[in-house]
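Note: the block below is query00.pdb and it holds PDB, C-alpha atoms and all ligand atoms.
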```pdb
MODEL        1
ATOM      1  CA  MET F   1     -33.418  -5.858   5.897
ATOM      2  CA  ARG F   2     -36.195  -3.263   5.618
ATOM      3  CA  GLU F   3     -38.717  -3.263   2.780
ATOM      4  CA  THR F   4     -39.715   0.288   1.927
ATOM      5  CA  GLU F   5     -41.489   1.495  -1.214
ATOM      6  CA  GLY F   6     -40.240  -1.517  -3.120
ATOM      7  CA  MET F   7     -36.578  -0.928  -2.153
ATOM      8  CA  THR F   8     -34.920  -3.328   0.230
ATOM      9  CA  ILE F   9     -32.404  -1.545   2.422
ATOM     10  CA  PRO F  10     -29.981  -3.752   4.352
ATOM     11  CA  SER F  11     -29.278  -3.075   8.024
ATOM     12  CA  ARG F  12     -26.080  -2.905  10.032
ATOM     13  CA  THR F  13     -25.956  -4.303  13.546
ATOM     14  CA  LEU F  14     -24.197  -1.955  15.955
ATOM     15  CA  GLY F  15     -21.922  -3.086  18.773
ATOM     16  CA  ASP F  16     -24.766  -2.507  21.254
ATOM     17  CA  GLY F  17     -27.049  -4.883  19.304
ATOM     18  CA  ASN F  18     -29.279  -2.212  17.748
ATOM     19  CA  GLU F  19     -29.864  -2.301  13.997
ATOM     20  CA  ILE F  20     -29.719   0.746  11.744
ATOM     21  CA  PRO F  21     -30.111   1.119   7.964
ATOM     22  CA  ALA F  22     -26.997   0.713   5.795
ATOM     23  CA  ILE F  23     -27.673   4.160   4.251
ATOM     24  CA  GLY F  24     -29.132   7.300   5.780
ATOM     25  CA  PHE F  25     -30.310  10.747   4.773
ATOM     26  CA  GLY F  26     -28.238  13.839   5.612
ATOM     27  CA  THR F  27     -30.193  16.979   6.423
ATOM     28  CA  TYR F  28     -27.556  19.712   6.750
ATOM     29  CA  LEU F  29     -28.855  22.874   4.993
ATOM     30  CA  LEU F  30     -32.393  21.484   4.721
ATOM     31  CA  SER F  31     -34.461  23.957   6.729
ATOM     32  CA  GLY F  32     -37.709  25.870   6.550
ATOM     33  CA  ASP F  33     -40.713  24.563   4.641
ATOM     34  CA  ASP F  34     -38.574  23.401   1.705
ATOM     35  CA  GLY F  35     -36.265  21.526   4.057
ATOM     36  CA  ARG F  36     -39.184  19.867   5.824
ATOM     37  CA  ASP F  37     -40.697  18.862   2.480
ATOM     38  CA  ALA F  38     -37.352  17.400   1.367
ATOM     39  CA  VAL F  39     -37.261  15.218   4.496
ATOM     40  CA  VAL F  40     -40.903  14.118   3.947
ATOM     41  CA  SER F  41     -39.924  13.192   0.396
ATOM     42  CA  ALA F  42     -36.853  11.265   1.593
ATOM     43  CA  LEU F  43     -38.996   9.248   4.004
ATOM     44  CA  GLY F  44     -41.419   8.596   1.144
ATOM     45  CA  CYS F  45     -38.525   7.286  -0.985
ATOM     46  CA  GLY F  46     -37.656   4.803   1.739
ATOM     47  CA  TYR F  47     -34.946   6.415   3.891
ATOM     48  CA  ARG F  48     -35.353   5.319   7.506
ATOM     49  CA  LEU F  49     -32.228   6.889   9.036
ATOM     50  CA  LEU F  50     -32.269  10.680   9.373
ATOM     51  CA  ASP F  51     -29.115  12.566  10.354
ATOM     52  CA  THR F  52     -29.516  15.992  11.948
ATOM     53  CA  ALA F  53     -27.785  18.061  14.656
ATOM     54  CA  LEU F  54     -28.740  20.793  17.090
ATOM     55  CA  ASN F  55     -26.368  23.068  15.145
ATOM     56  CA  TYR F  56     -28.160  22.437  11.820
ATOM     57  CA  GLU F  57     -31.061  24.432  13.293
ATOM     58  CA  ASN F  58     -33.518  22.122  11.514
ATOM     59  CA  GLU F  59     -34.496  19.571  14.161
ATOM     60  CA  ALA F  60     -38.008  21.063  14.308
ATOM     61  CA  GLU F  61     -38.406  20.576  10.550
ATOM     62  CA  VAL F  62     -37.076  17.003  10.779
ATOM     63  CA  GLY F  63     -39.545  16.237  13.594
ATOM     64  CA  GLU F  64     -42.424  17.746  11.644
ATOM     65  CA  ALA F  65     -41.446  15.727   8.573
ATOM     66  CA  ILE F  66     -41.541  12.528  10.629
ATOM     67  CA  ARG F  67     -45.069  13.307  11.835
ATOM     68  CA  ARG F  68     -46.261  14.364   8.357
ATOM     69  CA  SER F  69     -44.823  11.233   6.734
ATOM     70  CA  GLY F  70     -47.317   8.995   8.530
ATOM     71  CA  ILE F  71     -44.520   6.472   9.097
ATOM     72  CA  PRO F  72     -44.532   5.074  12.639
ATOM     73  CA  ARG F  73     -41.915   6.794  14.805
ATOM     74  CA  GLU F  74     -40.427   3.431  15.817
ATOM     75  CA  ASP F  75     -39.664   2.619  12.153
ATOM     76  CA  ILE F  76     -37.374   5.656  11.841
ATOM     77  CA  VAL F  77     -33.853   5.934  13.238
ATOM     78  CA  VAL F  78     -33.401   9.535  14.365
ATOM     79  CA  ALA F  79     -29.796  10.629  14.811
ATOM     80  CA  THR F  80     -28.762  14.002  16.222
ATOM     81  CA  LYS F  81     -25.628  15.570  17.678
ATOM     82  CA  LEU F  82     -24.461  17.465  20.739
ATOM     83  CA  PRO F  83     -22.705  20.762  19.952
ATOM     84  CA  GLY F  84     -19.616  22.123  21.705
ATOM     85  CA  ARG F  85     -21.480  24.661  23.855
ATOM     86  CA  PHE F  86     -23.106  21.739  25.691
ATOM     87  CA  HIS F  87     -19.926  19.803  26.513
ATOM     88  CA  GLY F  88     -19.883  18.814  30.201
ATOM     89  CA  PHE F  89     -21.984  16.445  32.324
ATOM     90  CA  ALA F  90     -24.954  18.668  33.245
ATOM     91  CA  GLU F  91     -24.715  20.619  29.992
ATOM     92  CA  THR F  92     -25.099  17.446  27.929
ATOM     93  CA  ARG F  93     -28.467  16.655  29.481
ATOM     94  CA  ALA F  94     -29.594  20.217  28.733
ATOM     95  CA  GLY F  95     -28.427  19.933  25.097
ATOM     96  CA  PHE F  96     -30.081  16.554  24.740
ATOM     97  CA  GLU F  97     -33.368  17.903  26.109
ATOM     98  CA  GLU F  98     -33.238  20.816  23.666
ATOM     99  CA  SER F  99     -32.904  18.343  20.766
ATOM    100  CA  LEU F 100     -35.734  16.212  22.144
ATOM    101  CA  THR F 101     -37.992  19.276  22.374
ATOM    102  CA  ASN F 102     -37.052  20.550  18.910
ATOM    103  CA  LEU F 103     -37.687  17.163  17.333
ATOM    104  CA  GLY F 104     -40.901  16.605  19.329
ATOM    105  CA  VAL F 105     -39.951  13.016  20.121
ATOM    106  CA  ASP F 106     -39.579  11.235  23.442
ATOM    107  CA  TYR F 107     -36.376   9.339  22.693
ATOM    108  CA  ILE F 108     -33.418   9.591  20.285
ATOM    109  CA  ASP F 109     -32.167   6.519  18.435
ATOM    110  CA  LEU F 110     -28.581   7.671  17.960
ATOM    111  CA  PHE F 111     -27.001  10.564  19.851
ATOM    112  CA  LEU F 112     -23.499  11.672  18.851
ATOM    113  CA  ILE F 113     -20.924  14.103  20.249
ATOM    114  CA  HIS F 114     -20.567  16.360  17.192
ATOM    115  CA  TRP F 115     -16.863  17.311  17.575
ATOM    116  CA  PRO F 116     -14.372  16.245  20.286
ATOM    117  CA  LEU F 117     -12.990  19.732  21.077
ATOM    118  CA  PRO F 118      -9.840  18.385  22.774
ATOM    119  CA  ARG F 119      -8.791  21.899  23.842
ATOM    120  CA  VAL F 120     -11.994  22.213  25.899
ATOM    121  CA  GLY F 121     -11.328  18.760  27.339
ATOM    122  CA  LYS F 122     -14.867  17.825  28.415
ATOM    123  CA  PHE F 123     -15.971  15.141  25.965
ATOM    124  CA  LEU F 124     -15.517  12.413  28.585
ATOM    125  CA  ASP F 125     -17.975  14.231  30.904
ATOM    126  CA  SER F 126     -20.456  14.438  28.026
ATOM    127  CA  TRP F 127     -19.945  10.757  27.292
ATOM    128  CA  ARG F 128     -20.718   9.842  30.910
ATOM    129  CA  ALA F 129     -23.933  11.854  30.723
ATOM    130  CA  MET F 130     -24.866  10.062  27.499
ATOM    131  CA  ILE F 131     -24.278   6.671  29.135
ATOM    132  CA  ALA F 132     -26.708   7.724  31.891
ATOM    133  CA  LEU F 133     -29.301   8.930  29.355
ATOM    134  CA  ARG F 134     -29.046   5.615  27.559
ATOM    135  CA  GLU F 135     -29.550   3.746  30.823
ATOM    136  CA  GLU F 136     -32.679   5.840  31.425
ATOM    137  CA  GLY F 137     -34.039   4.676  28.059
ATOM    138  CA  LEU F 138     -33.951   8.151  26.507
ATOM    139  CA  ILE F 139     -31.281   7.218  23.931
ATOM    140  CA  ARG F 140     -31.033   3.871  22.115
ATOM    141  CA  SER F 141     -27.415   4.114  20.898
ATOM    142  CA  ILE F 142     -24.610   6.500  21.798
ATOM    143  CA  GLY F 143     -21.729   7.449  19.574
ATOM    144  CA  VAL F 144     -19.368  10.172  18.493
ATOM    145  CA  SER F 145     -18.419  12.134  15.412
ATOM    146  CA  ASN F 146     -15.057  13.390  14.200
ATOM    147  CA  PHE F 147     -13.141  11.464  16.874
ATOM    148  CA  THR F 148      -9.569  10.392  16.111
ATOM    149  CA  ARG F 149      -8.024   7.141  17.245
ATOM    150  CA  GLU F 150      -6.492   8.940  20.267
ATOM    151  CA  HIS F 151      -9.840  10.438  21.313
ATOM    152  CA  LEU F 152     -11.539   7.042  20.989
ATOM    153  CA  GLU F 153      -8.851   5.200  22.936
ATOM    154  CA  PHE F 154      -9.077   7.721  25.773
ATOM    155  CA  LEU F 155     -12.892   7.552  25.837
ATOM    156  CA  ILE F 156     -12.977   3.757  25.863
ATOM    157  CA  GLN F 157     -10.208   3.415  28.434
ATOM    158  CA  GLU F 158     -11.764   5.924  30.854
ATOM    159  CA  SER F 159     -15.413   4.863  30.508
ATOM    160  CA  GLY F 160     -15.243   1.219  29.458
ATOM    161  CA  VAL F 161     -17.985   1.959  26.919
ATOM    162  CA  VAL F 162     -17.261   1.669  23.191
ATOM    163  CA  PRO F 163     -19.136   4.163  20.977
ATOM    164  CA  ALA F 164     -21.607   2.421  18.668
ATOM    165  CA  VAL F 165     -20.764   4.822  15.826
ATOM    166  CA  ASN F 166     -18.069   7.285  14.775
ATOM    167  CA  GLN F 167     -19.345   9.589  12.026
ATOM    168  CA  ILE F 168     -16.351  10.949  10.119
ATOM    169  CA  GLU F 169     -15.499  12.766   6.914
ATOM    170  CA  LEU F 170     -15.241   9.958   4.355
ATOM    171  CA  HIS F 171     -15.432  10.101   0.560
ATOM    172  CA  PRO F 172     -13.215   9.070  -2.381
ATOM    173  CA  HIS F 173     -10.923  12.053  -1.767
ATOM    174  CA  PHE F 174     -10.532  11.057   1.900
ATOM    175  CA  PRO F 175     -11.078   7.290   2.293
ATOM    176  CA  GLN F 176      -9.881   7.051   5.928
ATOM    177  CA  ALA F 177      -8.379   3.540   5.653
ATOM    178  CA  GLU F 178      -6.687   3.721   9.064
ATOM    179  CA  MET F 179      -9.779   4.926  10.902
ATOM    180  CA  ARG F 180     -11.924   2.245   9.260
ATOM    181  CA  ALA F 181      -9.466  -0.457  10.299
ATOM    182  CA  PHE F 182      -9.411   0.873  13.871
ATOM    183  CA  HIS F 183     -13.223   0.978  13.988
ATOM    184  CA  ALA F 184     -13.421  -2.612  12.713
ATOM    185  CA  GLU F 185     -11.034  -3.754  15.442
ATOM    186  CA  TYR F 186     -13.227  -2.188  18.161
ATOM    187  CA  GLY F 187     -16.646  -2.956  16.629
ATOM    188  CA  ILE F 188     -17.398   0.731  15.988
ATOM    189  CA  GLN F 189     -19.686   1.385  13.002
ATOM    190  CA  THR F 190     -18.247   3.970  10.599
ATOM    191  CA  GLN F 191     -20.615   6.553   9.151
ATOM    192  CA  SER F 192     -19.497   8.723   6.207
ATOM    193  CA  TRP F 193     -20.280  12.428   6.272
ATOM    194  CA  SER F 194     -20.169  14.360   2.984
ATOM    195  CA  PRO F 195     -20.163  10.933   1.274
ATOM    196  CA  LEU F 196     -20.377  12.606  -2.158
ATOM    197  CA  ALA F 197     -17.614  15.028  -1.131
ATOM    198  CA  HIS F 198     -20.283  17.686  -1.262
ATOM    199  CA  GLN F 199     -20.270  16.990  -5.001
ATOM    200  CA  ARG F 200     -16.807  18.567  -5.364
ATOM    201  CA  SER F 201     -15.470  16.918  -8.544
ATOM    202  CA  VAL F 202     -15.932  13.488  -6.983
ATOM    203  CA  LEU F 203     -18.782  12.610  -9.304
ATOM    204  CA  ALA F 204     -16.688  13.099 -12.449
ATOM    205  CA  ASP F 205     -14.065  10.541 -11.455
ATOM    206  CA  PRO F 206     -16.020   7.267 -11.309
ATOM    207  CA  ALA F 207     -17.827   7.894 -14.602
ATOM    208  CA  ALA F 208     -16.190   4.911 -16.318
ATOM    209  CA  VAL F 209     -17.171   2.574 -13.480
ATOM    210  CA  ALA F 210     -20.702   3.973 -13.616
ATOM    211  CA  ASP F 211     -20.960   3.248 -17.343
ATOM    212  CA  ALA F 212     -19.806  -0.330 -16.759
ATOM    213  CA  HIS F 213     -22.653  -0.893 -14.288
ATOM    214  CA  GLY F 214     -25.306   1.216 -16.011
ATOM    215  CA  VAL F 215     -25.652   3.467 -12.954
ATOM    216  CA  THR F 216     -24.760   7.080 -12.154
ATOM    217  CA  PRO F 217     -21.418   8.284 -10.726
ATOM    218  CA  ALA F 218     -23.202   9.208  -7.458
ATOM    219  CA  GLN F 219     -24.504   5.639  -7.195
ATOM    220  CA  VAL F 220     -20.989   4.284  -7.729
ATOM    221  CA  VAL F 221     -19.618   6.497  -4.966
ATOM    222  CA  LEU F 222     -22.402   5.522  -2.558
ATOM    223  CA  ARG F 223     -21.979   1.837  -3.415
ATOM    224  CA  TRP F 224     -18.238   2.256  -2.696
ATOM    225  CA  HIS F 225     -19.211   3.315   0.869
ATOM    226  CA  VAL F 226     -21.438   0.243   1.139
ATOM    227  CA  GLU F 227     -18.575  -2.014  -0.026
ATOM    228  CA  LEU F 228     -16.372  -0.422   2.679
ATOM    229  CA  ARG F 229     -19.184  -1.212   5.156
ATOM    230  CA  SER F 230     -19.482   2.433   6.107
ATOM    231  CA  ILE F 231     -22.940   4.010   6.317
ATOM    232  CA  PRO F 232     -23.199   6.975   3.913
ATOM    233  CA  ILE F 233     -25.646   9.754   4.736
ATOM    234  CA  PRO F 234     -26.039  11.673   1.451
ATOM    235  CA  LYS F 235     -28.059  14.876   1.454
ATOM    236  CA  SER F 236     -30.259  15.878  -1.473
ATOM    237  CA  SER F 237     -33.040  18.396  -1.787
ATOM    238  CA  SER F 238     -34.284  16.702  -4.956
ATOM    239  CA  PRO F 239     -36.709  13.740  -4.771
ATOM    240  CA  LYS F 240     -35.157  12.342  -7.957
ATOM    241  CA  ARG F 241     -31.620  12.377  -6.556
ATOM    242  CA  GLN F 242     -32.845  11.102  -3.164
ATOM    243  CA  ARG F 243     -34.274   8.056  -4.910
ATOM    244  CA  GLU F 244     -31.147   7.629  -7.051
ATOM    245  CA  ASN F 245     -28.913   7.749  -3.955
ATOM    246  CA  LEU F 246     -30.966   5.092  -2.174
ATOM    247  CA  ASP F 247     -30.915   2.715  -5.120
ATOM    248  CA  VAL F 248     -27.433   1.253  -4.570
ATOM    249  CA  PHE F 249     -28.219  -2.277  -3.427
ATOM    250  CA  GLY F 250     -28.871  -3.853  -6.836
ATOM    251  CA  PHE F 251     -25.259  -3.987  -8.041
ATOM    252  CA  GLU F 252     -21.789  -4.608  -6.614
ATOM    253  CA  LEU F 253     -18.327  -3.203  -7.269
ATOM    254  CA  THR F 254     -15.332  -5.441  -7.843
ATOM    255  CA  ASP F 255     -12.349  -5.227  -5.500
ATOM    256  CA  ALA F 256     -10.424  -3.520  -8.310
ATOM    257  CA  GLU F 257     -13.175  -0.918  -8.745
ATOM    258  CA  VAL F 258     -13.240  -0.256  -5.000
ATOM    259  CA  ALA F 259      -9.454   0.156  -5.027
ATOM    260  CA  SER F 260      -9.541   2.482  -8.036
ATOM    261  CA  ILE F 261     -12.054   4.760  -6.286
ATOM    262  CA  SER F 262     -10.041   4.692  -3.038
ATOM    263  CA  SER F 263      -6.973   5.748  -5.039
ATOM    264  CA  LEU F 264      -8.612   9.127  -5.729
ATOM    265  CA  GLU F 265      -7.410  10.205  -2.253
ATOM    266  CA  SER F 266      -6.355  13.860  -2.146
ATOM    267  CA  GLY F 267      -7.303  15.088   1.323
ATOM    268  CA  ARG F 268     -10.030  16.681   3.433
ATOM    269  CA  LEU F 269     -12.689  18.927   1.890
ATOM    270  CA  TRP F 270     -11.964  21.849   4.232
ATOM    271  CA  GLY F 271     -10.162  22.388   7.541
ATOM    272  CA  GLY F 272     -12.167  19.742   9.394
ATOM    273  CA  ASP F 273      -9.250  18.439  11.454
ATOM    274  CA  PRO F 274     -10.790  16.945  14.632
ATOM    275  CA  ASP F 275      -7.763  17.963  16.700
ATOM    276  CA  THR F 276      -8.215  21.646  15.953
ATOM    277  CA  ASN F 277     -11.647  22.323  14.437
ATOM    278  CA  GLU F 278     -13.956  23.939  16.991
ATOM    279  CA  GLU F 279     -17.700  24.349  16.614
ATOM    280  CA  PHE F 280     -19.848  25.463  19.504
TER
HETATM  281  N1  LIG T 301     -20.672  15.084  11.616
HETATM  282  C1  LIG T 301     -20.264  16.125  10.930
HETATM  283  O1  LIG T 301     -19.399  16.902  11.381
HETATM  284  C2  LIG T 301     -20.843  16.385   9.585
HETATM  285  C3  LIG T 301     -20.231  17.302   8.699
HETATM  286  C4  LIG T 301     -20.787  17.476   7.441
HETATM  287  C5  LIG T 301     -21.945  16.788   7.062
HETATM  288  N2  LIG T 301     -22.540  15.924   7.959
HETATM  289  C6  LIG T 301     -23.760  15.148   7.587
HETATM  290  O2  LIG T 301     -23.508  14.512   6.350
HETATM  291  C7  LIG T 301     -24.576  14.827   5.445
HETATM  292  C8  LIG T 301     -24.111  14.765   4.012
HETATM  293  O3  LIG T 301     -23.020  15.635   3.777
HETATM  294  P1  LIG T 301     -23.129  16.940   2.871
HETATM  295  O4  LIG T 301     -24.534  17.426   2.897
HETATM  296  O5  LIG T 301     -22.050  17.846   3.343
HETATM  297  O6  LIG T 301     -22.665  16.479   1.431
HETATM  298  P2  LIG T 301     -22.991  15.278   0.407
HETATM  299  O7  LIG T 301     -24.142  14.475   0.870
HETATM  300  O8  LIG T 301     -21.686  14.622   0.144
HETATM  301  O9  LIG T 301     -23.352  16.095  -0.904
HETATM  302  C9  LIG T 301     -24.509  16.889  -0.981
HETATM  303  C10 LIG T 301     -24.437  17.657  -2.306
HETATM  304  O10 LIG T 301     -24.465  16.737  -3.399
HETATM  305  C11 LIG T 301     -25.592  16.996  -4.226
HETATM  306  N3  LIG T 301     -26.134  15.691  -4.634
HETATM  307  C12 LIG T 301     -26.790  14.798  -3.866
HETATM  308  N4  LIG T 301     -27.101  13.706  -4.573
HETATM  309  C13 LIG T 301     -26.630  13.889  -5.821
HETATM  310  C14 LIG T 301     -26.641  13.117  -7.004
HETATM  311  N5  LIG T 301     -27.216  11.903  -7.026
HETATM  312  N6  LIG T 301     -26.083  13.632  -8.122
HETATM  313  C15 LIG T 301     -25.515  14.859  -8.123
HETATM  314  N7  LIG T 301     -25.466  15.651  -7.022
HETATM  315  C16 LIG T 301     -26.015  15.166  -5.879
HETATM  316  C17 LIG T 301     -26.557  17.798  -3.373
HETATM  317  O11 LIG T 301     -27.323  18.672  -4.176
HETATM  318  P3  LIG T 301     -28.948  18.622  -4.170
HETATM  319  O12 LIG T 301     -29.387  18.850  -2.743
HETATM  320  O13 LIG T 301     -29.316  19.734  -5.093
HETATM  321  O14 LIG T 301     -29.326  17.261  -4.701
HETATM  322  C18 LIG T 301     -25.604  18.579  -2.474
HETATM  323  O15 LIG T 301     -25.119  19.727  -3.150
HETATM  324  C19 LIG T 301     -25.010  16.220   5.898
HETATM  325  O16 LIG T 301     -26.251  16.586   5.364
HETATM  326  C20 LIG T 301     -25.005  16.032   7.396
HETATM  327  O17 LIG T 301     -26.177  15.342   7.795
HETATM  328  C21 LIG T 301     -21.997  15.710   9.191
ENDMDL
END
```
Target encoding structure tokens, full file:
Amino acid sequence: MRETEGMTIPSRTLGDGNEIPAIGFGTYLLSGDDGRDAVVSALGCGYRLLDTALNYENEAEVGEAIRRSGIPREDIVVATKLPGRFHGFAETRAGFEESLTNLGVDYIDLFLIHWPLPRVGKFLDSWRAMIALREEGLIRSIGVSNFTREHLEFLIQESGVVPAVNQIELHPHFPQAEMRAFHAEYGIQTQSWSPLAHQRSVLADPAAVADAHGVTPAQVVLRWHVELRSIPIPKSSSPKRQRENLDVFGFELTDAEVASISSLESGRLWGGDPDTNEEF
């Protein structure tokens, strides 16, 4: 548990023994001075897990926000991601070093392969480079994002190292029951990207549940992630909504409420199929 600004945020213990907060802050689209200020505000609210990526082109702003916040670096879990153009053994070290430089930090807490790019076929080489970087003490935890069961099985079988995290699209319209069950079997922590479904109609659905608990629909959706034991990483540019999104540990959902939200399943937000989506 971490006490921040009066809010107690539970932790999750990863398969490698490291602890990370049970909710994080997404930073996609937060760039420039406004983006930096939004991250400073999020840290002020109590977020201690920041999710960025080399491809968000905002690592410099995230790093500056960390320094401006006055919060000790070691109290913040910094997560970033390796883009497709750096897949490969040597390339991964170069991509990692670019992130390190952008962020202005000397280690990364959680480093993820952003997309598997099975057509390129080099994610295993990247994974081996990440294992080496972890052994050198430059990364605390290594994981992946957007990996399917097949990608994970191949990675684990070939390297013998289980990713600490798989960050996947997960929201009431795409609850990912099979992936969550597979992760639980292997001790892989699920993280939910676009946990509010990028707002797309998802906040209208749980309004009745929200009324029953005296909270907002966004809080119900984020609490649903907590009940599923996935780590949501909501993004908000507004200090008010940042605080609202963090305040989800003072109530619980019943099993029936969790099931009713999971039944909203309708599919992915966009064409983010890990077998075919390519981002470099
Ligand atoms: N690994 C991947 O491939 C991948 C892909 C996509 C995203 N991600 C990560 O996941 C993070 C979150 O996903 P996301 O940014 O796509 O979507 P999201 O967090 O599901 O939704 C963000 C949207 O919801 C609004 N919002 C936030 N809190 C709200 C509230 N309490 N009430 C009403 N509206 C609210 C935000 O507007 P305001 O800003 O105006 O509040 C914004 O428009 C990203 O920032 C990124 O870090 C990872």
Evaluate the PyMOL selection byres (((chain F and resi 68) around 10) and not hetatm) and report residues as a ChimeraX atom specification
/F:36-37,39-40,43,62-67,69-71
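Using only C-alpha atoms and all ligand atoms, we find that the residues with an atom at most 6 Å from any atom of ligand LIG 301 (chain T) are Gly26, Thr27, Tyr28, Asp51, Thr52, His114, Ser145, Gln167, Trp193, Ser194, Pro195, Leu196, Ala197, His198, Gln199, Ala218, Ile233, Pro234, Lys235, Ser236, Ser237, Ser238, Arg241, Glu244 and Asn245 of chain F.
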If the PyMOL selection byres (((chain F and resi 80-84) around 9) and not hetatm) were run on this exact file, what residues would it hold? Put them as a short mmCIF file (atom, residue, chain, number, x, y, z; two decimals) with C-alpha atoms, in the coordinates of the input.
```cif
data_model
loop_
_atom_site.label_atom_id
_atom_site.label_comp_id
_atom_site.auth_asym_id
_atom_site.auth_seq_id
_atom_site.Cartn_x
_atom_site.Cartn_y
_atom_site.Cartn_z
CA LEU F 50 -32.27 10.68 9.37
CA ASP F 51 -29.12 12.57 10.35
CA THR F 52 -29.52 15.99 11.95
CA ALA F 53 -27.78 18.06 14.66
CA LEU F 54 -28.74 20.79 17.09
CA ASN F 55 -26.37 23.07 15.14
CA GLU F 59 -34.50 19.57 14.16
CA VAL F 78 -33.40 9.54 14.36
CA ALA F 79 -29.80 10.63 14.81
CA ARG F 85 -21.48 24.66 23.86
CA PHE F 86 -23.11 21.74 25.69
CA HIS F 87 -19.93 19.80 26.51
CA THR F 92 -25.10 17.45 27.93
CA GLY F 95 -28.43 19.93 25.10
CA PHE F 96 -30.08 16.55 24.74
CA SER F 99 -32.90 18.34 20.77
CA ILE F 108 -33.42 9.59 20.28
CA ASP F 109 -32.17 6.52 18.43
CA LEU F 110 -28.58 7.67 17.96
CA PHE F 111 -27.00 10.56 19.85
CA LEU F 112 -23.50 11.67 18.85
CA ILE F 113 -20.92 14.10 20.25
CA HIS F 114 -20.57 16.36 17.19
CA TRP F 115 -16.86 17.31 17.58
CA PRO F 116 -14.37 16.24 20.29
CA LEU F 117 -12.99 19.73 21.08
CA VAL F 120 -11.99 22.21 25.90
CA PHE F 123 -15.97 15.14 25.96
CA SER F 126 -20.46 14.44 28.03
CA VAL F 144 -19.37 10.17 18.49
CA SER F 145 -18.42 12.13 15.41
CA GLU F 278 -13.96 23.94 16.99
CA GLU F 279 -17.70 24.35 16.61
CA PHE F 280 -19.85 25.46 19.50
#
```
Give me the result of the PyMOL selection byres (((chain F and resi 262) around 12) and not hetatm) on this file, residue by residue, as a tab-separated table (two decimals) with C-alpha atoms, in the coordinates of the input.
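Result file is part.tsv:
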```tsv
chain	number	residue	atom	x	y	z
F	170	LEU	CA	-15.24	9.96	4.36
F	171	HIS	CA	-15.43	10.10	0.56
F	172	PRO	CA	-13.22	9.07	-2.38
F	173	HIS	CA	-10.92	12.05	-1.77
F	174	PHE	CA	-10.53	11.06	1.90
F	175	PRO	CA	-11.08	7.29	2.29
F	176	GLN	CA	-9.88	7.05	5.93
F	177	ALA	CA	-8.38	3.54	5.65
F	202	VAL	CA	-15.93	13.49	-6.98
F	205	ASP	CA	-14.06	10.54	-11.46
F	206	PRO	CA	-16.02	7.27	-11.31
F	220	VAL	CA	-20.99	4.28	-7.73
F	221	VAL	CA	-19.62	6.50	-4.97
F	224	TRP	CA	-18.24	2.26	-2.70
F	225	HIS	CA	-19.21	3.32	0.87
F	227	GLU	CA	-18.58	-2.01	-0.03
F	228	LEU	CA	-16.37	-0.42	2.68
F	255	ASP	CA	-12.35	-5.23	-5.50
F	256	ALA	CA	-10.42	-3.52	-8.31
F	257	GLU	CA	-13.18	-0.92	-8.74
F	258	VAL	CA	-13.24	-0.26	-5.00
F	259	ALA	CA	-9.45	0.16	-5.03
F	260	SER	CA	-9.54	2.48	-8.04
F	261	ILE	CA	-12.05	4.76	-6.29
F	263	SER	CA	-6.97	5.75	-5.04
F	264	LEU	CA	-8.61	9.13	-5.73
F	265	GLU	CA	-7.41	10.20	-2.25
F	266	SER	CA	-6.36	13.86	-2.15
F	267	GLY	CA	-7.30	15.09	1.32
```
Taking only C-alpha atoms into account, which of F:Leu124, F:Ala164, F:Met130, F:Ile139 comes nearest Thr13 in chain F?
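Between F:Leu124, F:Ala164, F:Met130, F:Ile139, the residue approaching Thr13 in chain F most closely is F:Ala164.
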Can you tell me, as lines of an AutoDock Vina configuration file, the centre and edge lengths (Å, one decimal) of the axis-aligned box enclosing all of range 145-162 of chain F's listed atoms after padding each side by 5 Å?
```
center_x = -12.5
center_y = 7.3
center_z = 22.5
size_x = 21.9
size_y = 22.2
size_z = 26.7
```
Tell me, in Å to one decimal, how far CA of Ala208 in chain F is from CA of Gly24 in chain F.
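CA of Gly24 in chain F lies 25.7 Å from CA of Ala208 in chain F.
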Give me, please, the distance in Å between CA of Asn102 in chain F and CA of Tyr56 in chain F, quoted to one decimal.
11.5 Å
Enter the distance from CA of Ser230 in chain F to CA of Phe147 in chain F, in Å, rounded to one decimal.
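Interatomic distance here is 15.4 Å.
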Shortest interatomic distance to Pro118 in chain F - which of F:Gly17, F:Val248, F:Asp273, F:Glu98, counting only C-alpha atoms
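Answer, going by the shortest atom-to-atom distance: F:Asp273.
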Determine, counting only C-alpha atoms, which protein, DNA and RNA residues have an atom within 10 Å of an atom of Val161 in chain F; residues of the same chain fewer than 3 positions away are not included. Present the result as a PyMOL selection string.
chain F and resi 16+127-128+131+142-143+155-158+164
Dump as a PDB file, keeping the file's coordinate frame, selection limited to C-alpha atoms:
```pdb
ATOM      1  CA  ASP F  16     -24.766  -2.507  21.254  1.00  0.00           C
ATOM      2  CA  TRP F 127     -19.945  10.757  27.292  1.00  0.00           C
ATOM      3  CA  ARG F 128     -20.718   9.842  30.910  1.00  0.00           C
ATOM      4  CA  ILE F 131     -24.278   6.671  29.135  1.00  0.00           C
ATOM      5  CA  ILE F 142     -24.610   6.500  21.798  1.00  0.00           C
ATOM      6  CA  GLY F 143     -21.729   7.449  19.574  1.00  0.00           C
ATOM      7  CA  LEU F 155     -12.892   7.552  25.837  1.00  0.00           C
ATOM      8  CA  ILE F 156     -12.977   3.757  25.863  1.00  0.00           C
ATOM      9  CA  GLN F 157     -10.208   3.415  28.434  1.00  0.00           C
ATOM     10  CA  GLU F 158     -11.764   5.924  30.854  1.00  0.00           C
ATOM     11  CA  ALA F 164     -21.607   2.421  18.668  1.00  0.00           C
TER      12      ALA F 164
END
```
Identify which of the residues F:Tyr107, F:Trp270, F:Gly88, F:Val77 lies closest to Arg200 in chain F, counting all atoms listed in the file when measuring atom-to-atom distances.
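Going through F:Tyr107, F:Trp270, F:Gly88, F:Val77 one by one, the smallest distance to Arg200 in chain F is for F:Trp270.
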